[in-house]
Number of protein chains: 2
Amino acid sequence: MGTKERKEREREQVKSQILTAARELFFALGYEATSIRSIAEKVEYSPGAIYLHFKDKDSIFHELQIEGFHLLNEKMAVLLAVSDPFERLKAMGRVYMQFAKDYPDYYDLMFVIRAPMRALEDDEEWQAGETAYHILIHVVKECQSVGYFNNVDPETFSYYVWATMHGIITLGKHGRNKVVCEASRNFIEELAFQEFVKMLEKK
Amino acid sequence: MGTKERKEREREQVKSQILTAARELFFALGYEATSIRSIAEKVEYSPGAIYLHFKDKDSIFHELQIEGFHLLNEKMAVLLAVSDPFERLKAMGRVYMQFAKDYPDYYDLMFVIRAPMRALEDDEEWQAGETAYHILIHVVKECQSVGYFNNVDPETFSYYVWATMHGIITLGKHGRNKVVCEASRNFIEELAFQEFVKMLEKK
DNA sequence: TTTGATAATTGAACAGTGTTCAGTAATTTT
DNA sequence: AAAATTACTGAACACTGTTCAATTATCAAA
């Protein structure tokens, strides 16, 4: 009697439907504006039914967050094609920036929005989130082995590199600074990135 | 017949009371958790009365945001005591970082939270927000005049410097990355800042 | 096939949010 | 004292996330 297995499958399917609806609404309306009720309506269930598959709103977006990390890791795969360590580091910056530009909502969920992060404490799934950072540390170490970044702790330096990229990505995005108008944002971010690369080259 | 002036004064006073209540609640509970109703209760008015003095919730926090900018500008005053341009630039970074640490809620309101920023579009009061950035550009130019940062556009470079500081400040704060646990956050941010300073020194 | 148990689903309710507005109360002017 | 102006209230609206008793559907055993 494989009815139990089938039920299990059906449950997974419903859960996946909810997740799909949540994803679409999230990309269209953002985190705050995506309500449980709107998700429920999209999958044609009652609001209460959502809570049969997810503990709360956060845990829905936690899954989307994990998706984001996996997607970022996939994007990082192109780095394998770059053999020179420093070139690879630069390419990594490019990929990271492009990811933030292509999926601003994922980026917010992963690195800006406070709420859903709680959910991934003491969680092995966080490995997905760690990976990119570990790759960064690895690449930095490789750079050191070919003469870059001497007399520097690779972990600290990696964190600094990450922070810089994060700053370039988020400074103009949130709280439109007027200093940089919407139109020229991409441009100045690109320039800031190039500035950063120039700095790295001289080390 | 100074009744009109008195009424005006009374209105200002009530507005200031509301602002004070909002500020206290905001620092105690954060932006989201500070409700119009809780503000109203604190000043012993009905919720509707708030809207006699402020257009909406955003415009209340807009005023607090301006406060934050003014406070930051005040903190920047110590820079006048530093004569060497590069030392002044470093001190500016320190002040900015300390401000973010001392008043994290102000910082969020000013540079992270999306919502209240809308309110200060086409607003002369934004000058308060511009000031610090203009000081930064000025200091960078001074640094250039004594041999630092050659062959670099000062505005772009300033933006890059700002973005780096912003990144160092915000990366660990939002979405506790687990990569850096709560306890060691201050430490790694300090190290990242020092790393940045080292980079700048070599330019 | 009917019964009893189990699982799935609902929809109303709770306590909260920002915001509006008709109605009331206080104040000032005539 | 009456009229006009201003200040203020509090109920209501349309939302939010979340819970839970009641209902319905599904399935295993008799």
# chains A, B, ... in the order shown; residues from 1 in each chain; ligands from 1

call {"tool": "residues_around", "arguments": {"residues": "DA26 (chain C)", "least_positions_apart": "3", "cutoff": "12 Å", "atoms": "only C-alpha atoms (C1' of nucleotides)", "output": "list in words"}}
result
DT5, DT6, DA7 and DC8 of chain D

call {"tool": "residues_around", "arguments": {"residues": "DT3 (chain C)", "least_positions_apart": "4", "cutoff": "12 Å", "atoms": "only C-alpha atoms (C1' of nucleotides)", "output": "count of residues only"}}
result
4

call {"tool": "closest_atom_pairs", "arguments": {"of": "chain A", "to": "chain C", "cutoff": "9 Å", "atoms": "only C-alpha atoms (C1' of nucleotides)", "output": "JSON lines"}}
result
{"residue": "A:Tyr45", "atom": "CA", "partner": "C:DT9", "partner_atom": "C1'", "distance": 8.2}
{"residue": "A:Ser46", "atom": "CA", "partner": "C:DT10", "partner_atom": "C1'", "distance": 6.5}
{"residue": "A:Pro47", "atom": "CA", "partner": "C:DT10", "partner_atom": "C1'", "distance": 8.9}
{"residue": "A:Gly48", "atom": "CA", "partner": "C:DT10", "partner_atom": "C1'", "distance": 7.6}
{"residue": "A:Ala49", "atom": "CA", "partner": "C:DT9", "partner_atom": "C1'", "distance": 6.6}
{"residue": "A:Leu52", "atom": "CA", "partner": "C:DA8", "partner_atom": "C1'", "distance": 8.9}

call {"tool": "calpha_fit_and_write", "arguments": {"fixed": "chain A", "moving": "chain B", "output": "PDB file with C-alpha atoms, in the first residue's frame"}}
result
ATOM      1  CA  MET B   1       0.125   0.061  -0.153  1.00  0.00           C
ATOM      2  CA  GLY B   2       2.099   3.029  -1.343  1.00  0.00           C
ATOM      3  CA  THR B   3      -0.507   5.462  -0.052  1.00  0.00           C
ATOM      4  CA  LYS B   4       1.805   6.799   2.594  1.00  0.00           C
ATOM      5  CA  GLU B   5       4.471   7.529   0.016  1.00  0.00           C
ATOM      6  CA  ARG B   6       1.909   9.109  -2.264  1.00  0.00           C
ATOM      7  CA  LYS B   7       0.603  11.339   0.524  1.00  0.00           C
ATOM      8  CA  GLU B   8       4.136  12.344   1.270  1.00  0.00           C
ATOM      9  CA  ARG B   9       4.605  13.198  -2.399  1.00  0.00           C
ATOM     10  CA  GLU B  10       1.399  15.192  -2.472  1.00  0.00           C
ATOM     11  CA  ARG B  11       2.463  17.144   0.568  1.00  0.00           C
ATOM     12  CA  GLU B  12       5.792  17.959  -1.044  1.00  0.00           C
ATOM     13  CA  GLN B  13       3.947  19.041  -4.138  1.00  0.00           C
ATOM     14  CA  VAL B  14       1.685  21.425  -2.277  1.00  0.00           C
ATOM     15  CA  LYS B  15       4.662  22.814  -0.410  1.00  0.00           C
ATOM     16  CA  SER B  16       6.413  23.393  -3.695  1.00  0.00           C
ATOM     17  CA  GLN B  17       3.344  25.128  -5.091  1.00  0.00           C
ATOM     18  CA  ILE B  18       3.266  27.452  -2.107  1.00  0.00           C
ATOM     19  CA  LEU B  19       6.942  28.178  -2.578  1.00  0.00           C
ATOM     20  CA  THR B  20       6.458  28.928  -6.247  1.00  0.00           C
ATOM     21  CA  ALA B  21       3.604  31.310  -5.511  1.00  0.00           C
ATOM     22  CA  ALA B  22       5.646  32.960  -2.769  1.00  0.00           C
ATOM     23  CA  ARG B  23       8.621  33.343  -5.108  1.00  0.00           C
ATOM     24  CA  GLU B  24       6.571  34.952  -7.860  1.00  0.00           C
ATOM     25  CA  LEU B  25       4.847  37.356  -5.520  1.00  0.00           C
ATOM     26  CA  PHE B  26       8.106  38.148  -3.779  1.00  0.00           C
ATOM     27  CA  PHE B  27       9.840  39.052  -7.027  1.00  0.00           C
ATOM     28  CA  ALA B  28       6.850  41.100  -8.138  1.00  0.00           C
ATOM     29  CA  LEU B  29       6.015  42.892  -4.898  1.00  0.00           C
ATOM     30  CA  GLY B  30       8.889  42.468  -2.452  1.00  0.00           C
ATOM     31  CA  TYR B  31       9.044  40.882   0.970  1.00  0.00           C
ATOM     32  CA  GLU B  32       6.778  43.143   2.979  1.00  0.00           C
ATOM     33  CA  ALA B  33       4.059  43.326   0.351  1.00  0.00           C
ATOM     34  CA  THR B  34       3.902  39.570  -0.080  1.00  0.00           C
ATOM     35  CA  SER B  35       1.261  38.444   2.394  1.00  0.00           C
ATOM     36  CA  ILE B  36       0.293  34.979   3.529  1.00  0.00           C
ATOM     37  CA  ARG B  37      -3.198  35.675   2.255  1.00  0.00           C
ATOM     38  CA  SER B  38      -1.973  36.576  -1.215  1.00  0.00           C
ATOM     39  CA  ILE B  39       0.134  33.427  -1.366  1.00  0.00           C
ATOM     40  CA  ALA B  40      -2.855  31.369  -0.215  1.00  0.00           C
ATOM     41  CA  GLU B  41      -5.063  32.933  -2.849  1.00  0.00           C
ATOM     42  CA  LYS B  42      -2.554  32.173  -5.580  1.00  0.00           C
ATOM     43  CA  VAL B  43      -2.389  28.472  -4.697  1.00  0.00           C
ATOM     44  CA  GLU B  44      -6.151  28.402  -4.051  1.00  0.00           C
ATOM     45  CA  TYR B  45      -5.949  27.373  -0.430  1.00  0.00           C
ATOM     46  CA  SER B  46      -7.162  29.069   2.694  1.00  0.00           C
ATOM     47  CA  PRO B  47      -4.655  31.217   4.591  1.00  0.00           C
ATOM     48  CA  GLY B  48      -4.580  28.696   7.425  1.00  0.00           C
ATOM     49  CA  ALA B  49      -3.475  25.922   5.062  1.00  0.00           C
ATOM     50  CA  ILE B  50      -0.127  27.635   4.576  1.00  0.00           C
ATOM     51  CA  TYR B  51       0.676  26.941   8.196  1.00  0.00           C
ATOM     52  CA  LEU B  52       0.252  23.223   7.592  1.00  0.00           C
ATOM     53  CA  HIS B  53       3.441  23.376   5.537  1.00  0.00           C
ATOM     54  CA  PHE B  54       5.400  26.270   7.017  1.00  0.00           C
ATOM     55  CA  LYS B  55       5.934  27.364  10.588  1.00  0.00           C
ATOM     56  CA  ASP B  56       5.571  31.028   9.748  1.00  0.00           C
ATOM     57  CA  LYS B  57       6.220  33.615   7.072  1.00  0.00           C
ATOM     58  CA  ASP B  58       9.911  33.702   7.850  1.00  0.00           C
ATOM     59  CA  SER B  59      10.403  30.028   7.176  1.00  0.00           C
ATOM     60  CA  ILE B  60       8.876  30.411   3.727  1.00  0.00           C
ATOM     61  CA  PHE B  61      11.361  33.100   2.875  1.00  0.00           C
ATOM     62  CA  HIS B  62      14.089  31.135   4.517  1.00  0.00           C
ATOM     63  CA  GLU B  63      13.698  28.557   1.742  1.00  0.00           C
ATOM     64  CA  LEU B  64      13.833  31.264  -0.887  1.00  0.00           C
ATOM     65  CA  GLN B  65      16.962  32.540   0.797  1.00  0.00           C
ATOM     66  CA  ILE B  66      18.578  29.117   0.465  1.00  0.00           C
ATOM     67  CA  GLU B  67      17.547  29.150  -3.182  1.00  0.00           C
ATOM     68  CA  GLY B  68      19.374  32.435  -3.535  1.00  0.00           C
ATOM     69  CA  PHE B  69      22.550  31.028  -2.026  1.00  0.00           C
ATOM     70  CA  HIS B  70      22.428  28.033  -4.336  1.00  0.00           C
ATOM     71  CA  LEU B  71      21.916  30.294  -7.319  1.00  0.00           C
ATOM     72  CA  LEU B  72      24.858  32.453  -6.307  1.00  0.00           C
ATOM     73  CA  ASN B  73      27.005  29.357  -5.952  1.00  0.00           C
ATOM     74  CA  GLU B  74      25.976  28.252  -9.431  1.00  0.00           C
ATOM     75  CA  LYS B  75      26.940  31.618 -10.855  1.00  0.00           C
ATOM     76  CA  MET B  76      30.297  31.261  -9.180  1.00  0.00           C
ATOM     77  CA  ALA B  77      30.926  28.121 -11.234  1.00  0.00           C
ATOM     78  CA  VAL B  78      32.260  30.184 -14.149  1.00  0.00           C
ATOM     79  CA  LEU B  79      35.279  30.985 -11.987  1.00  0.00           C
ATOM     80  CA  LEU B  80      36.618  27.511 -12.653  1.00  0.00           C
ATOM     81  CA  ALA B  81      37.364  28.659 -16.181  1.00  0.00           C
ATOM     82  CA  VAL B  82      39.676  31.394 -14.918  1.00  0.00           C
ATOM     83  CA  SER B  83      43.081  29.995 -14.118  1.00  0.00           C
ATOM     84  CA  ASP B  84      45.002  33.051 -12.929  1.00  0.00           C
ATOM     85  CA  PRO B  85      44.216  33.615  -9.233  1.00  0.00           C
ATOM     86  CA  PHE B  86      43.981  37.379  -9.375  1.00  0.00           C
ATOM     87  CA  GLU B  87      41.900  37.297 -12.535  1.00  0.00           C
ATOM     88  CA  ARG B  88      39.663  34.826 -10.770  1.00  0.00           C
ATOM     89  CA  LEU B  89      39.289  37.149  -7.806  1.00  0.00           C
ATOM     90  CA  LYS B  90      38.275  39.980 -10.108  1.00  0.00           C
ATOM     91  CA  ALA B  91      35.845  37.723 -11.939  1.00  0.00           C
ATOM     92  CA  MET B  92      34.370  36.740  -8.607  1.00  0.00           C
ATOM     93  CA  GLY B  93      33.703  40.368  -7.836  1.00  0.00           C
ATOM     94  CA  ARG B  94      32.030  40.797 -11.204  1.00  0.00           C
ATOM     95  CA  VAL B  95      29.841  37.732 -10.680  1.00  0.00           C
ATOM     96  CA  TYR B  96      28.854  38.902  -7.207  1.00  0.00           C
ATOM     97  CA  MET B  97      27.948  42.346  -8.476  1.00  0.00           C
ATOM     98  CA  GLN B  98      26.023  40.970 -11.415  1.00  0.00           C
ATOM     99  CA  PHE B  99      24.118  38.648  -9.125  1.00  0.00           C
ATOM    100  CA  ALA B 100      23.109  41.566  -6.928  1.00  0.00           C
ATOM    101  CA  LYS B 101      21.953  43.441 -10.000  1.00  0.00           C
ATOM    102  CA  ASP B 102      20.093  40.530 -11.622  1.00  0.00           C
ATOM    103  CA  TYR B 103      18.432  39.343  -8.435  1.00  0.00           C
ATOM    104  CA  PRO B 104      18.183  42.322  -6.113  1.00  0.00           C
ATOM    105  CA  ASP B 105      15.410  40.679  -4.132  1.00  0.00           C
ATOM    106  CA  TYR B 106      17.438  37.552  -3.536  1.00  0.00           C
ATOM    107  CA  TYR B 107      20.349  39.734  -2.512  1.00  0.00           C
ATOM    108  CA  ASP B 108      18.226  41.620  -0.019  1.00  0.00           C
ATOM    109  CA  LEU B 109      16.871  38.397   1.394  1.00  0.00           C
ATOM    110  CA  MET B 110      20.366  36.963   1.718  1.00  0.00           C
ATOM    111  CA  PHE B 111      22.360  39.907   3.027  1.00  0.00           C
ATOM    112  CA  VAL B 112      20.159  42.851   3.926  1.00  0.00           C
ATOM    113  CA  ILE B 113      16.752  41.950   5.303  1.00  0.00           C
ATOM    114  CA  ARG B 114      17.023  41.074   8.941  1.00  0.00           C
ATOM    115  CA  ALA B 115      13.991  38.904   9.424  1.00  0.00           C
ATOM    116  CA  PRO B 116      14.472  35.574   7.670  1.00  0.00           C
ATOM    117  CA  MET B 117      18.089  35.321   8.705  1.00  0.00           C
ATOM    118  CA  ARG B 118      17.029  34.207  12.135  1.00  0.00           C
ATOM    119  CA  ALA B 119      15.763  31.001  10.650  1.00  0.00           C
ATOM    120  CA  LEU B 120      19.125  29.814   9.484  1.00  0.00           C
ATOM    121  CA  GLU B 121      20.876  29.819  12.775  1.00  0.00           C
ATOM    122  CA  ASP B 122      22.100  26.386  13.809  1.00  0.00           C
ATOM    123  CA  ASP B 123      21.259  24.996  10.409  1.00  0.00           C
ATOM    124  CA  GLU B 124      23.385  22.829   8.194  1.00  0.00           C
ATOM    125  CA  GLU B 125      21.741  24.379   5.192  1.00  0.00           C
ATOM    126  CA  TRP B 126      23.774  27.431   5.922  1.00  0.00           C
ATOM    127  CA  GLN B 127      26.578  25.602   4.183  1.00  0.00           C
ATOM    128  CA  ALA B 128      25.051  26.919   0.985  1.00  0.00           C
ATOM    129  CA  GLY B 129      25.592  30.397   2.344  1.00  0.00           C
ATOM    130  CA  GLU B 130      29.099  29.681   3.552  1.00  0.00           C
ATOM    131  CA  THR B 131      30.358  28.271   0.292  1.00  0.00           C
ATOM    132  CA  ALA B 132      30.870  31.499  -1.611  1.00  0.00           C
ATOM    133  CA  TYR B 133      32.759  33.021   1.299  1.00  0.00           C
ATOM    134  CA  HIS B 134      35.009  29.969   1.561  1.00  0.00           C
ATOM    135  CA  ILE B 135      35.686  30.167  -2.145  1.00  0.00           C
ATOM    136  CA  LEU B 136      36.662  33.793  -1.650  1.00  0.00           C
ATOM    137  CA  ILE B 137      39.102  32.915   1.128  1.00  0.00           C
ATOM    138  CA  HIS B 138      40.544  30.188  -1.056  1.00  0.00           C
ATOM    139  CA  VAL B 139      41.020  32.518  -3.997  1.00  0.00           C
ATOM    140  CA  VAL B 140      42.652  35.138  -1.784  1.00  0.00           C
ATOM    141  CA  LYS B 141      45.097  32.519  -0.525  1.00  0.00           C
ATOM    142  CA  GLU B 142      45.889  31.534  -4.078  1.00  0.00           C
ATOM    143  CA  CYS B 143      46.517  35.165  -4.885  1.00  0.00           C
ATOM    144  CA  GLN B 144      48.938  35.273  -1.988  1.00  0.00           C
ATOM    145  CA  SER B 145      50.766  32.241  -3.363  1.00  0.00           C
ATOM    146  CA  VAL B 146      51.502  34.153  -6.532  1.00  0.00           C
ATOM    147  CA  GLY B 147      52.679  37.274  -4.765  1.00  0.00           C
ATOM    148  CA  TYR B 148      49.568  39.327  -4.031  1.00  0.00           C
ATOM    149  CA  PHE B 149      48.399  40.587  -0.643  1.00  0.00           C
ATOM    150  CA  ASN B 150      51.543  39.926   1.368  1.00  0.00           C
ATOM    151  CA  ASN B 151      51.661  40.243   5.146  1.00  0.00           C
ATOM    152  CA  VAL B 152      47.917  39.972   5.450  1.00  0.00           C
ATOM    153  CA  ASP B 153      45.624  37.506   7.165  1.00  0.00           C
ATOM    154  CA  PRO B 154      43.648  35.907   4.326  1.00  0.00           C
ATOM    155  CA  GLU B 155      40.434  35.575   6.321  1.00  0.00           C
ATOM    156  CA  THR B 156      40.438  39.172   7.477  1.00  0.00           C
ATOM    157  CA  PHE B 157      41.357  40.336   4.026  1.00  0.00           C
ATOM    158  CA  SER B 158      38.576  38.259   2.471  1.00  0.00           C
ATOM    159  CA  TYR B 159      36.076  39.724   4.850  1.00  0.00           C
ATOM    160  CA  TYR B 160      37.290  43.182   3.938  1.00  0.00           C
ATOM    161  CA  VAL B 161      36.923  42.410   0.242  1.00  0.00           C
ATOM    162  CA  TRP B 162      33.427  41.081   0.781  1.00  0.00           C
ATOM    163  CA  ALA B 163      32.457  44.101   2.856  1.00  0.00           C
ATOM    164  CA  THR B 164      33.668  46.450   0.142  1.00  0.00           C
ATOM    165  CA  MET B 165      31.616  44.686  -2.507  1.00  0.00           C
ATOM    166  CA  HIS B 166      28.617  44.676  -0.194  1.00  0.00           C
ATOM    167  CA  GLY B 167      29.031  48.378   0.403  1.00  0.00           C
ATOM    168  CA  ILE B 168      29.267  49.226  -3.277  1.00  0.00           C
ATOM    169  CA  ILE B 169      26.149  47.178  -3.947  1.00  0.00           C
ATOM    170  CA  THR B 170      23.984  48.466  -1.114  1.00  0.00           C
ATOM    171  CA  LEU B 171      25.011  52.089  -0.568  1.00  0.00           C
ATOM    172  CA  GLY B 172      23.155  53.410  -3.579  1.00  0.00           C
ATOM    173  CA  LYS B 173      20.326  50.929  -3.505  1.00  0.00           C
ATOM    174  CA  HIS B 174      18.689  51.643  -0.197  1.00  0.00           C
ATOM    175  CA  GLY B 175      17.897  55.162   0.672  1.00  0.00           C
ATOM    176  CA  ARG B 176      18.502  56.768  -2.662  1.00  0.00           C
ATOM    177  CA  ASN B 177      21.163  59.161  -1.581  1.00  0.00           C
ATOM    178  CA  LYS B 178      20.380  61.894  -4.049  1.00  0.00           C
ATOM    179  CA  VAL B 179      24.124  62.262  -4.075  1.00  0.00           C
ATOM    180  CA  VAL B 180      23.815  59.674  -6.783  1.00  0.00           C
ATOM    181  CA  CYS B 181      20.644  59.861  -8.813  1.00  0.00           C
ATOM    182  CA  GLU B 182      18.880  56.726  -9.956  1.00  0.00           C
ATOM    183  CA  ALA B 183      20.143  56.974 -13.524  1.00  0.00           C
ATOM    184  CA  SER B 184      23.835  57.252 -12.767  1.00  0.00           C
ATOM    185  CA  ARG B 185      23.825  54.619 -10.054  1.00  0.00           C
ATOM    186  CA  ASN B 186      24.961  51.761 -12.239  1.00  0.00           C
ATOM    187  CA  PHE B 187      27.708  53.965 -13.558  1.00  0.00           C
ATOM    188  CA  ILE B 188      29.132  55.121 -10.261  1.00  0.00           C
ATOM    189  CA  GLU B 189      28.942  51.626  -8.825  1.00  0.00           C
ATOM    190  CA  GLU B 190      30.924  50.392 -11.784  1.00  0.00           C
ATOM    191  CA  LEU B 191      33.487  53.139 -11.212  1.00  0.00           C
ATOM    192  CA  ALA B 192      33.691  52.352  -7.520  1.00  0.00           C
ATOM    193  CA  PHE B 193      34.302  48.714  -8.357  1.00  0.00           C
ATOM    194  CA  GLN B 194      37.065  49.648 -10.789  1.00  0.00           C
ATOM    195  CA  GLU B 195      38.575  51.862  -8.131  1.00  0.00           C
ATOM    196  CA  PHE B 196      38.583  48.908  -5.778  1.00  0.00           C
ATOM    197  CA  VAL B 197      40.220  46.677  -8.379  1.00  0.00           C
ATOM    198  CA  LYS B 198      42.911  49.302  -8.929  1.00  0.00           C
ATOM    199  CA  MET B 199      43.616  49.238  -5.207  1.00  0.00           C
ATOM    200  CA  LEU B 200      43.872  45.486  -5.161  1.00  0.00           C
ATOM    201  CA  GLU B 201      46.214  45.472  -8.143  1.00  0.00           C
ATOM    202  CA  LYS B 202      48.684  47.591  -6.233  1.00  0.00           C
ATOM    203  CA  LYS B 203      48.964  44.980  -3.526  1.00  0.00           C
TER     204      LYS B 203
END

call {"tool": "interface_residues", "arguments": {"of": "chain D", "to": "chain A", "cutoff": "12 Å", "atoms": "only C-alpha atoms (C1' of nucleotides)", "output": "MDAnalysis selection string"}}
result
chainID D and resid 15:20 26:28

call {"tool": "select_by_dssp", "arguments": {"residues": "region 47-162 of chain A", "states": "helix (DSSP H, G or I)", "output": "ChimeraX atom specification"}}
result
/A:47-50,57-81,85-102,104-112,115-120,124-145,154-162
